[in-house]
$ cat coords_4.txt   # compact mmCIF, C-alpha atoms and all ligand atoms
# COMPACT_ATOMS: atom_id res chain seq x y z
CA MET P 12 17.91 50.89 -68.47
CA SER P 13 17.13 48.43 -71.25
CA GLU P 14 15.91 45.70 -68.89
CA ARG P 15 12.47 44.55 -69.95
CA ILE P 16 9.79 42.34 -68.50
CA PRO P 17 8.81 39.48 -70.80
CA ILE P 18 5.31 39.61 -72.25
CA LEU P 19 3.78 36.22 -73.07
CA ARG P 20 1.06 35.72 -75.63
CA ILE P 21 -1.65 33.08 -75.33
CA GLY P 22 -4.07 33.37 -78.24
CA GLU P 23 -5.45 36.89 -78.15
CA THR P 24 -4.27 37.55 -74.62
CA LEU P 25 -1.03 39.15 -73.49
CA LEU P 26 0.21 38.02 -70.09
CA VAL P 27 2.69 39.84 -67.91
CA SER P 28 3.78 38.58 -64.54
CA VAL P 29 5.69 41.13 -62.49
CA GLN P 30 8.06 39.07 -60.39
CA PHE P 31 10.10 41.67 -58.53
CA ASP P 32 10.14 45.28 -57.40
CA LEU P 33 10.61 47.41 -60.51
CA GLU P 34 12.73 50.43 -61.18
CA ASP P 35 10.72 53.34 -62.60
CA GLN P 36 12.26 53.02 -66.06
CA MET P 37 11.22 49.35 -66.25
CA VAL P 38 7.68 50.38 -65.37
CA LEU P 39 7.65 52.86 -68.25
CA ASN P 40 9.19 50.27 -70.60
CA LEU P 41 6.46 47.80 -69.71
CA GLN P 42 3.77 50.36 -70.44
CA GLU P 43 5.27 51.07 -73.88
CA ASP P 44 5.88 47.42 -74.71
CA LEU P 45 2.28 46.52 -73.86
CA ALA P 46 0.85 49.30 -76.02
CA GLU P 47 3.08 48.24 -78.89
CA GLN P 48 2.26 44.53 -78.57
CA ILE P 49 -1.49 45.04 -78.25
CA VAL P 50 -1.32 46.36 -81.79
CA SER P 51 1.43 44.15 -83.26
CA LYS P 52 -0.07 40.93 -81.83
CA ALA P 53 -3.68 42.03 -82.36
CA ALA P 54 -4.39 41.26 -78.71
CA ARG P 55 -7.88 41.64 -77.25
CA GLY P 56 -6.93 41.22 -73.62
CA VAL P 57 -4.06 42.00 -71.28
CA ILE P 58 -3.47 40.40 -67.91
CA ILE P 59 -1.01 41.98 -65.50
CA ASP P 60 -0.24 39.66 -62.60
CA ILE P 61 1.05 41.56 -59.56
CA THR P 62 0.82 38.70 -57.06
CA ALA P 63 4.53 39.05 -56.27
CA LEU P 64 4.41 42.80 -55.67
CA GLU P 65 4.62 43.76 -52.01
CA ILE P 66 3.92 47.39 -52.72
CA VAL P 67 2.31 49.45 -55.46
CA ASP P 68 3.08 53.14 -55.18
CA SER P 69 1.60 56.00 -57.22
CA PHE P 70 4.10 55.42 -60.02
CA VAL P 71 3.14 51.79 -60.60
CA GLY P 72 -0.50 52.62 -59.89
CA ARG P 73 -0.46 55.23 -62.60
CA MET P 74 1.11 52.74 -65.03
CA LEU P 75 -1.71 50.26 -64.36
CA ALA P 76 -4.32 52.95 -64.96
CA THR P 77 -2.54 54.12 -68.11
CA VAL P 78 -2.25 50.62 -69.56
CA ALA P 79 -5.95 50.08 -68.88
CA ALA P 80 -6.79 53.32 -70.69
CA ILE P 81 -4.43 52.63 -73.61
CA SER P 82 -5.81 49.13 -74.10
CA ARG P 83 -9.36 50.50 -74.14
CA VAL P 84 -8.42 52.89 -76.91
CA LEU P 85 -6.79 50.01 -78.80
CA ASP P 86 -9.91 47.83 -78.49
CA ALA P 87 -8.47 45.51 -75.87
CA ARG P 88 -9.16 45.03 -72.18
CA THR P 89 -6.77 44.94 -69.24
CA VAL P 90 -7.31 42.99 -66.05
CA VAL P 91 -4.93 43.37 -63.10
CA VAL P 92 -4.78 40.17 -61.06
CA GLY P 93 -3.38 39.11 -57.71
CA MET P 94 -3.33 42.39 -55.83
CA ARG P 95 -2.53 41.68 -52.19
CA PRO P 96 -5.05 42.92 -49.60
CA ALA P 97 -2.42 45.09 -47.88
CA VAL P 98 -1.60 46.67 -51.23
CA ALA P 99 -5.27 47.40 -51.95
CA ILE P 100 -5.75 49.00 -48.52
CA THR P 101 -2.63 51.12 -48.97
CA LEU P 102 -3.58 52.26 -52.48
CA VAL P 103 -6.98 53.44 -51.36
CA GLU P 104 -5.51 55.33 -48.41
CA LEU P 105 -2.88 56.84 -50.68
CA GLY P 106 -5.78 58.22 -52.71
CA LEU P 107 -5.42 56.02 -55.78
CA SER P 108 -8.70 54.25 -56.26
CA LEU P 109 -7.77 52.84 -59.71
CA GLY P 110 -11.35 53.42 -60.81
CA GLY P 111 -10.80 52.56 -64.46
CA VAL P 112 -8.80 49.44 -63.76
CA ASP P 113 -10.47 46.05 -63.94
CA THR P 114 -9.22 43.56 -61.38
CA ALA P 115 -9.58 39.89 -60.52
CA LEU P 116 -8.38 37.92 -57.52
CA ASP P 117 -6.18 35.52 -59.47
CA LEU P 118 -5.03 34.59 -62.93
CA GLU P 119 -7.83 32.08 -63.51
CA LYS P 120 -10.53 34.59 -62.58
CA GLY P 121 -8.79 37.21 -64.69
CA LEU P 122 -8.86 34.98 -67.76
CA ALA P 123 -12.52 34.18 -67.09
CA LYS P 124 -13.26 37.90 -66.89
CA LEU P 125 -11.68 38.45 -70.29
CA ARG P 126 -13.98 35.82 -71.79
CA GLN P 127 -17.08 37.65 -70.59
CA PRO P 128 -18.85 40.07 -72.92
CA THR P 129 -17.41 43.58 -72.70
CA SER P 130 -20.47 45.13 -71.08
CA SER P 131 -20.21 43.07 -67.92
CA VAL P 132 -16.49 43.74 -67.65
CA LEU P 133 -16.88 47.48 -67.89
CA ARG P 134 -19.68 47.58 -65.40
CA MET A 185 12.74 64.38 -36.16
CA THR A 186 10.49 64.09 -33.13
CA ALA A 187 11.09 60.49 -32.06
CA PRO A 188 14.55 59.44 -30.82
CA TRP A 189 16.43 56.75 -32.72
CA ALA A 190 16.36 53.48 -30.79
CA ALA A 191 19.36 53.04 -28.49
CA GLY A 192 22.11 50.83 -29.83
CA GLU A 193 20.70 50.77 -33.34
CA ASP A 194 22.24 53.48 -35.44
CA PRO A 195 20.13 54.73 -38.33
CA LYS A 196 21.62 54.29 -41.79
CA VAL A 197 21.95 56.84 -44.54
CA TYR A 198 20.99 55.92 -48.10
CA PRO A 199 21.71 58.10 -51.10
CA ILE A 200 18.89 59.16 -53.42
CA ALA A 201 20.67 59.94 -56.66
CA ARG A 202 19.28 57.57 -59.28
CA SER A 203 15.97 55.81 -59.73
CA GLY A 204 17.61 52.49 -58.81
CA ASP A 205 18.15 53.90 -55.33
CA LEU A 206 14.38 53.84 -54.77
CA VAL A 207 14.43 50.04 -55.01
CA HIS A 208 17.17 49.84 -52.35
CA ILE A 209 15.33 52.24 -50.07
CA ARG A 210 12.11 50.23 -50.32
CA GLN A 211 14.10 47.11 -49.36
CA ALA A 212 15.76 48.86 -46.42
CA ILE A 213 12.46 50.23 -45.10
CA ARG A 214 10.85 46.81 -45.45
CA ALA A 215 13.63 45.23 -43.36
CA LEU A 216 13.24 47.89 -40.67
CA ALA A 217 9.45 47.60 -40.66
CA GLN A 218 9.73 43.85 -40.16
CA GLN A 219 12.29 44.32 -37.38
CA SER A 220 9.99 46.68 -35.52
CA ARG A 221 7.14 44.18 -35.88
CA LEU A 222 4.76 46.35 -37.82
CA SER A 223 1.69 44.52 -39.09
CA LEU A 224 1.78 43.55 -42.76
CA VAL A 225 -0.58 46.38 -43.68
CA ASP A 226 1.47 48.91 -41.71
CA GLN A 227 4.69 47.63 -43.33
CA THR A 228 3.10 48.11 -46.73
CA LYS A 229 1.93 51.62 -45.85
CA MET A 230 5.36 52.66 -44.56
CA ILE A 231 7.23 51.28 -47.59
CA THR A 232 4.77 52.96 -49.95
CA ALA A 233 5.06 56.33 -48.18
CA ALA A 234 8.86 56.05 -48.29
CA SER A 235 8.77 55.23 -51.99
CA GLU A 236 6.68 58.35 -52.70
CA LEU A 237 8.92 60.63 -50.68
CA ALA A 238 12.16 59.20 -52.08
CA ARG A 239 10.88 59.80 -55.61
CA ASN A 240 10.01 63.41 -54.72
CA THR A 241 13.53 63.87 -53.30
CA LEU A 242 14.96 62.55 -56.56
CA ILE A 243 12.68 64.34 -59.02
CA TYR A 244 11.90 67.68 -57.36
CA GLY A 245 14.76 67.95 -54.88
CA GLY A 246 17.38 67.03 -57.46
CA GLY A 247 18.52 64.12 -55.29
CA GLY A 248 19.49 63.90 -51.65
CA LYS A 249 19.50 61.24 -48.98
CA VAL A 250 17.33 59.38 -46.54
CA THR A 251 18.25 58.49 -42.96
CA ALA A 252 16.25 55.50 -41.80
CA GLY A 253 16.21 53.43 -38.65
CA LEU A 254 14.31 52.08 -35.69
CA VAL A 255 12.82 54.46 -33.17
CA SER A 256 11.47 53.90 -29.68
CA ALA A 257 9.46 55.99 -27.29
CA ASN A 258 7.28 55.14 -24.28
CA GLY A 259 8.03 51.45 -24.73
CA ARG A 260 6.84 51.47 -28.32
CA ARG A 261 8.93 50.61 -31.35
CA GLY A 262 8.65 51.94 -34.81
CA VAL A 263 10.49 52.86 -37.95
CA ALA A 264 11.36 56.38 -39.05
CA ALA A 265 12.79 57.87 -42.21
CA VAL A 266 14.03 61.39 -42.85
CA PHE A 267 14.25 62.49 -46.50
CA GLU A 268 16.49 65.47 -47.17
CA ASP A 269 17.42 67.44 -50.24
CA SER A 270 18.92 70.84 -50.90
CA GLY A 271 16.74 71.51 -53.92
CA PRO A 272 14.43 74.45 -54.61
CA GLY A 273 12.16 73.87 -51.62
CA ILE A 274 8.37 74.12 -51.73
CA PRO A 275 7.03 77.68 -51.99
CA ASP A 276 3.42 76.88 -51.08
CA VAL A 277 3.19 73.98 -48.65
CA ASP A 278 -0.61 73.99 -48.38
CA GLN A 279 -0.90 73.72 -52.13
CA ALA A 280 1.72 70.95 -52.33
CA MET A 281 -0.11 68.99 -49.62
CA THR A 282 -3.40 69.14 -51.53
CA ASP A 283 -4.60 65.89 -53.10
CA GLY A 284 -4.15 66.12 -56.84
CA TRP A 285 -1.86 69.13 -56.96
CA THR A 286 1.33 68.56 -58.95
CA SER A 287 3.85 70.93 -60.47
CA GLY A 288 5.03 68.15 -62.75
CA GLY A 289 3.29 65.28 -64.47
CA GLY A 290 2.45 63.32 -61.33
CA LEU A 291 -0.89 62.55 -59.72
CA GLY A 292 -0.24 64.93 -56.85
CA LEU A 293 -0.79 62.17 -54.31
CA GLY A 294 2.72 61.55 -53.01
CA LEU A 295 2.89 64.08 -50.17
CA SER A 296 -0.75 64.09 -49.12
CA GLY A 297 -1.02 60.32 -49.50
CA ALA A 298 2.21 59.67 -47.57
CA ARG A 299 0.87 61.77 -44.69
CA ARG A 300 -2.24 59.59 -44.52
CA LEU A 301 -0.19 56.38 -44.58
CA VAL A 302 2.04 57.11 -41.58
CA ASP A 303 1.56 58.06 -37.91
CA ASP A 304 3.86 61.09 -37.77
CA PHE A 305 4.55 63.33 -40.74
CA ARG A 306 6.64 66.46 -40.69
CA LEU A 307 7.54 68.69 -43.61
CA ASP A 308 10.23 71.37 -43.30
CA THR A 309 10.93 73.43 -46.37
CA ALA A 310 11.57 76.97 -47.55
CA PRO A 311 12.13 78.38 -51.02
CA GLY A 312 15.80 77.99 -51.91
CA GLU A 313 16.56 76.02 -48.76
CA GLY A 314 15.69 72.47 -49.65
CA THR A 315 13.10 70.11 -48.25
CA THR A 316 13.11 67.69 -45.33
CA VAL A 317 10.28 65.24 -44.78
CA SER A 318 10.24 63.02 -41.67
CA ILE A 319 7.87 60.10 -41.27
CA THR A 320 7.32 57.54 -38.53
CA LYS A 321 5.18 54.44 -38.28
CA TRP A 322 4.68 52.82 -34.86
CA ALA A 323 4.05 49.19 -34.12
CA ARG A 324 0.63 48.69 -32.54
N1 LIG S 1 11.41 67.42 -52.29
C1 LIG S 1 10.72 68.35 -52.96
N2 LIG S 1 11.31 69.49 -53.41
C2 LIG S 1 10.61 70.42 -54.07
N3 LIG S 1 9.30 70.32 -54.40
C3 LIG S 1 8.65 69.21 -54.00
C4 LIG S 1 9.30 68.17 -53.26
N4 LIG S 1 8.41 67.20 -52.99
C5 LIG S 1 7.24 67.61 -53.54
N5 LIG S 1 7.38 68.81 -54.14
C6 LIG S 1 6.32 69.59 -54.82
O1 LIG S 1 5.07 69.19 -54.31
C7 LIG S 1 4.22 68.74 -55.36
C8 LIG S 1 3.33 67.65 -54.87
O2 LIG S 1 4.09 66.48 -54.58
P1 LIG S 1 3.37 65.07 -54.60
O3 LIG S 1 4.36 64.00 -54.31
O4 LIG S 1 2.18 65.15 -53.73
O5 LIG S 1 2.84 64.95 -56.09
P2 LIG S 1 3.67 64.63 -57.42
O6 LIG S 1 5.03 64.15 -57.08
O7 LIG S 1 3.59 65.85 -58.27
O8 LIG S 1 2.82 63.45 -58.05
P3 LIG S 1 2.80 61.93 -57.55
O9 LIG S 1 3.69 61.82 -56.34
O10 LIG S 1 1.38 61.65 -57.22
O11 LIG S 1 3.28 61.16 -58.71
C9 LIG S 1 5.17 68.32 -56.46
O12 LIG S 1 4.56 68.39 -57.72
C10 LIG S 1 6.30 69.35 -56.30
O13 LIG S 1 5.97 70.56 -56.93
MG MG S 2 5.40 62.63 -55.72
$ encode --input "coords_4.txt" --output "structure tokens" --more "lines below"
Ligand SMILES: Nc1ncnc2c1ncn2[C@@H]1O[C@H](COP(=O)(O)OP(=O)(O)OP(=O)(O)O)[C@@H](O)[C@H]1O
Ligand SMILES: [Mg+2]
Amino acid sequence: MSERIPILRIGETLLVSVQFDLEDQMVLNLQEDLAEQIVSKAARGVIIDITALEIVDSFVGRMLATVAAISRVLDARTVVVGMRPAVAITLVELGLSLGGVDTALDLEKGLAKLRQPTSSVLR
Amino acid sequence: MTAPWAAGEDPKVYPIARSGDLVHIRQAIRALAQQSRLSLVDQTKMITAASELARNTLIYGGGGKVTAGLVSANGRRGVAAVFEDSGPGIPDVDQAMTDGWTSGGGLGLGLSGARRLVDDFRLDTAPGEGTTVSITKWAR
């Protein structure tokens, strides 16, 4: 229940790397921890690396969308990186288009995206 | 269940009583999907559909079980999973199958999305008599 995913901070960016299939409660904990740390660490960007995730169902998908929305309200930006092609195909067919979620192919491109001016990121 | 379980490979029953069970079920379905040589995309679709249905069994059905195993028919192999609960049942199936309709705080995509992700989808439910959802994905 109290298991938590570590959140790293590099400058103004929070970095989370999801390394294994998560129980629902851990997903909710991560969402809360990120919201809390965006404020407490005065972060401007959040990167969620899901390279290791073999599936993203509606529960995790909703968490990604919620974190993106929360960070926007808290004047930060979230980029989800490393989504596998099979996961992307499945999410779209499931009906979750993740419209408000910014993505990048890998960590490096995600960090580059956070350095761009906001307007081009929100495009 | 329309498709017969593959001969000599008994399906296994997994409880759905706590959220940790969803993790085990995803693992079990992945192993079966690999065994039946589903493509990577089809494996991902089947595991995702199973995850949605198992969570419904837990949250709306008050818990239950899933029976999962290999199936074969007409020389084809696949993986099937049957989710059963003896919860309240679904009073309006058409409504429940509509994209975006939820009676709780979900996105309303689990049932309708799961149907799109698999090859065979069957929902049996009646008010007060629980819910059974059967899904199958065939190797191509
Ligand atoms: N096993 C079940 N027993 C009783 N009712 C169910 C069951 N499964 C689904 N339902 C009903 O059908 C509705 C739609 O289910 P569906 O999985 O599509 O959406 P959700 O669970 O509400 O949201 P999401 O899965 O997108 O997070 C549920 O809100 C619930 O009312
Ligand atoms: Mg659901």
$ interface_residues --input "coords_4.txt" --of "chain A" --to "chain P" --cutoff "8 Å" --atoms "all atoms listed in the file" --output "MDAnalysis selection string"
chainID A and resid 203:204 206:207 224:225 228:229 231:233 235:236 283 291 293:294 296:298 300:301
$ atom_distance --input "coords_4.txt" --atom1 "CA of Gly56 in chain P" --atom2 "CA of Ser28 in chain P"
14.3 Å
$ residues_around --input "coords_4.txt" --residues "Ala76 in chain P" --least-positions-apart "5" --cutoff "9 Å" --atoms "all atoms listed in the file" --output "PDB file with C-alpha atoms, in the coordinates of the input"
ATOM      1  CA  VAL P  71       3.140  51.790 -60.600  1.00  0.00           C
ATOM      2  CA  ILE P  81      -4.430  52.630 -73.610  1.00  0.00           C
ATOM      3  CA  LEU P 109      -7.770  52.840 -59.710  1.00  0.00           C
ATOM      4  CA  GLY P 110     -11.350  53.420 -60.810  1.00  0.00           C
ATOM      5  CA  GLY P 111     -10.800  52.560 -64.460  1.00  0.00           C
ATOM      6  CA  VAL P 112      -8.800  49.440 -63.760  1.00  0.00           C
TER       7      VAL P 112
END
$ atom_distance --input "coords_4.txt" --atom1 "atom C8 of ligand LIG 1 (chain S)" --atom2 "CA of Leu295 in chain A"
5.9 Å
$ closest_residue --input "coords_4.txt" --among "A:Arg299, A:Arg210, A:Lys321, A:Lys196" --to "ligand LIG 1 (chain S)" --atoms "all atoms listed in the file"
A:Arg299
$ closest_residue --input "coords_4.txt" --among "A:Ile200, A:Asp308, A:His208, A:Leu222" --to "Val250 in chain A" --atoms "all atoms listed in the file"
A:Ile200
$ residues_near_ligand --input "coords_4.txt" --ligand "ligand LIG 1 (chain S)" --cutoff "7 Å" --atoms "all atoms listed in the file" --output "short mmCIF file (atom, residue, chain, number, x, y, z; two decimals) with C-alpha atoms, in the frame of the given file"
data_model
loop_
_atom_site.label_atom_id
_atom_site.label_comp_id
_atom_site.auth_asym_id
_atom_site.auth_seq_id
_atom_site.Cartn_x
_atom_site.Cartn_y
_atom_site.Cartn_z
CA SER P 69 1.60 56.00 -57.22
CA PHE P 70 4.10 55.42 -60.02
CA GLU A 236 6.68 58.35 -52.70
CA LEU A 237 8.92 60.63 -50.68
CA ASN A 240 10.01 63.41 -54.72
CA THR A 241 13.53 63.87 -53.30
CA TYR A 244 11.90 67.68 -57.36
CA GLY A 245 14.76 67.95 -54.88
CA ASP A 269 17.42 67.44 -50.24
CA GLY A 271 16.74 71.51 -53.92
CA PRO A 272 14.43 74.45 -54.61
CA GLY A 273 12.16 73.87 -51.62
CA ILE A 274 8.37 74.12 -51.73
CA ALA A 280 1.72 70.95 -52.33
CA MET A 281 -0.11 68.99 -49.62
CA ASP A 283 -4.60 65.89 -53.10
CA TRP A 285 -1.86 69.13 -56.96
CA THR A 286 1.33 68.56 -58.95
CA SER A 287 3.85 70.93 -60.47
CA GLY A 288 5.03 68.15 -62.75
CA GLY A 289 3.29 65.28 -64.47
CA GLY A 290 2.45 63.32 -61.33
CA LEU A 291 -0.89 62.55 -59.72
CA GLY A 292 -0.24 64.93 -56.85
CA LEU A 293 -0.79 62.17 -54.31
CA GLY A 294 2.72 61.55 -53.01
CA LEU A 295 2.89 64.08 -50.17
CA SER A 296 -0.75 64.09 -49.12
CA GLY A 314 15.69 72.47 -49.65
CA THR A 315 13.10 70.11 -48.25
#
$ atom_distance --input "coords_4.txt" --atom1 "CA of Val91 in chain P" --atom2 "CA of Val50 in chain P"
19.3 Å
$ closest_residue --input "coords_4.txt" --among "P:Val57, P:Ala79, P:Leu64, P:Val92" --to "Gln30 in chain P" --atoms "all atoms listed in the file"
P:Leu64
$ residues_around --input "coords_4.txt" --residues "Gln218 in chain A" --least-positions-apart "3" --cutoff "12 Å" --atoms "all atoms listed in the file" --output "PyMOL selection string"
chain A and resi 211-215+221-228+230-231+253-254+261-263+321-323
$ residues_around --input "coords_4.txt" --residues "Val266 in chain A" --least-positions-apart "4" --cutoff "7 Å" --atoms "all atoms listed in the file" --output "ChimeraX atom specification"
/A:250-252,316-319
$ closest_residue --input "coords_4.txt" --among "A:Leu307, A:Val197, A:Ala191, A:Ala238" --to "ligand MG 2 (chain S)" --atoms "all atoms listed in the file"
A:Ala238
$ closest_residue --input "coords_4.txt" --among "A:Lys249, A:Arg260, A:Arg239, A:Arg306" --to "ligand MG 2 (chain S)" --atoms "all atoms listed in the file"
A:Arg239
$ closest_residue --input "coords_4.txt" --among "A:Ala264, A:Ser270, A:Ile209, A:Gly259" --to "Ala310 in chain A" --atoms "all atoms listed in the file"
A:Ser270
